[in-house]
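J.: I am attaching a structure below and will ask some questions about it afterwards.
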Amino acid sequence: MLVSREERTRTNPQDAFGITRGHEDLVSRSMQRLSRGFLEWKVESMTGTELHRPRRESAFWRFYDRERYAILFYALLLTLLLLPAAAALGLPTIMIKLLVGASLLAAVLPNASRKMRLIVGALVLLVIAARAASESGYLPISPALILILVGVLGLAAAAGALRFTIASASVTAEAVYAALSTYLLAGLFFGQIYWSIEQMSPGSLVGPDPVSEVTSVYYSFVTLATLGYGDFLPRSDITRGIATFEVIGGQLYLAVLVARLIGAFGGSRGDAASAKKR
């Protein structure tokens, strides 16, 4: 018995050209993927930005994202402990430079985005290498100028940590570590600026012992904390000006930070009490 093409199509899941319904679904999905990819390409080409795509990160970077300011705080504490120890033991000055460089790297990375970490890290390593090359005579640039750049980068990282603290909606461990790191970063890298000024203009900072990188950091923390020991004194106008700026900044930082943390802590307790009443 003869069967028409329409009846064969109804009984067999194929169209008149022999394409099954499964094939039709596959072709439809492929066309949708192609059209979606084409649209994404058009948006990227017109805006110059890359569309967000989820990217898996290693366990190390996920841990670093959660604890980055805690890592920075303990790295800075270790540096401040090892700096005078290295000077007292008579270790080569390269050890002190490596400690400061590692602190700078640890300070800058928390402020970089995930995509920019490798680039920022490479730039910091380049600055550290430039400092070593200039002090060795391989780079025709004054080491004091590169040291000023190191100090400015460290203070910019301190500003980033302070911004993270202020932007925190509640008092978390990371917010507290960021606040503590801001203070340590300011003292350490203001010390680098004092040391660079002393290298460019010897006698800008005087005391009972020869001025070194370690004593410059010591003078910076004495100034920041307004201790006023008086053993090291600024003798130039630029050094006095930076010391004045550091003293004012340190006092304002403590006043604003304490008020901010108390306000955030009170807000967190109020939210928790409201949640319990509900």
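As shown in the structure tokens, the chain order sets the letters A, B, ...; within each chain, residues go from 1, and ligands are also counted from 1 in the order they appear.
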Show which residues sit within 8 Å of segment 137-154 of chain A, as JSON, numbers by chain. Count only C-alpha atoms, and ignore same-chain residues fewer than 2 positions away.
T.: {"A": [104, 107, 108, 127, 130, 131, 133, 134, 135, 156, 157, 158, 185, 186, 189, 190, 191, 192, 193, 195, 196, 197, 199, 200]}
J.: Using only C-alpha atoms, which residues of segment 106-127 of chain A come within 12 Å of segment 67-75 of chain A, and what is the closest atom pair for each, with the distance in Å to one decimal? Give it as a tab-separated table, sorted by chain and residue number.
T.:
residue	atom	partner	partner_atom	distance
A:Ala106	CA	A:Leu72	CA	5.7
A:Ala107	CA	A:Leu72	CA	6.3
A:Val108	CA	A:Leu72	CA	9.4
A:Leu109	CA	A:Arg68	CA	8.4
A:Pro110	CA	A:Arg68	CA	6.0
A:Asn111	CA	A:Arg68	CA	9.6
A:Ala112	CA	A:Arg68	CA	11.1
J.: Taking only C-alpha atoms into account, which of A:Val206, A:Val100, A:Met95, A:Leu252 comes nearest Pro234 of chain A?
T.: A:Val206
J.: Go through A:Ala59, A:Val214, A:Leu224, A:Ile262 and flag the residue nearest Leu184 of chain A, using only C-alpha atoms for the distances.
T.: A:Leu224
J.: Enumerate, as a VMD selection string, the complete set of residues in segment 14-255 of chain A that a backbone-based DSSP assignment places in helix (DSSP H, G or I).
T.: chain A and resid 21 to 47 59 to 88 93 to 111 117 to 136 143 to 167 173 to 200 213 to 224 237 to 255
J.: Quote the spacing between atom CA of Leu180 of chain A and atom CA of Ser58 of chain A in Å to one decimal place.
T.: 27.7 Å
J.: Using only C-alpha atoms, pick whichever of A:Gly241, A:Thr165, A:Ala179, A:Ala173 has the shortest atom-to-atom distance to Tyr194 of chain A.
T.: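 Closest to Tyr194 of chain A of all the choices is A:Gly241.
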J.: Please determine, counting only C-alpha atoms, which residue among A:Thr223, A:Val258, A:Leu82, A:Ile119 has the shortest atom-to-atom distance to Val171 of chain A.
T.: A:Val258
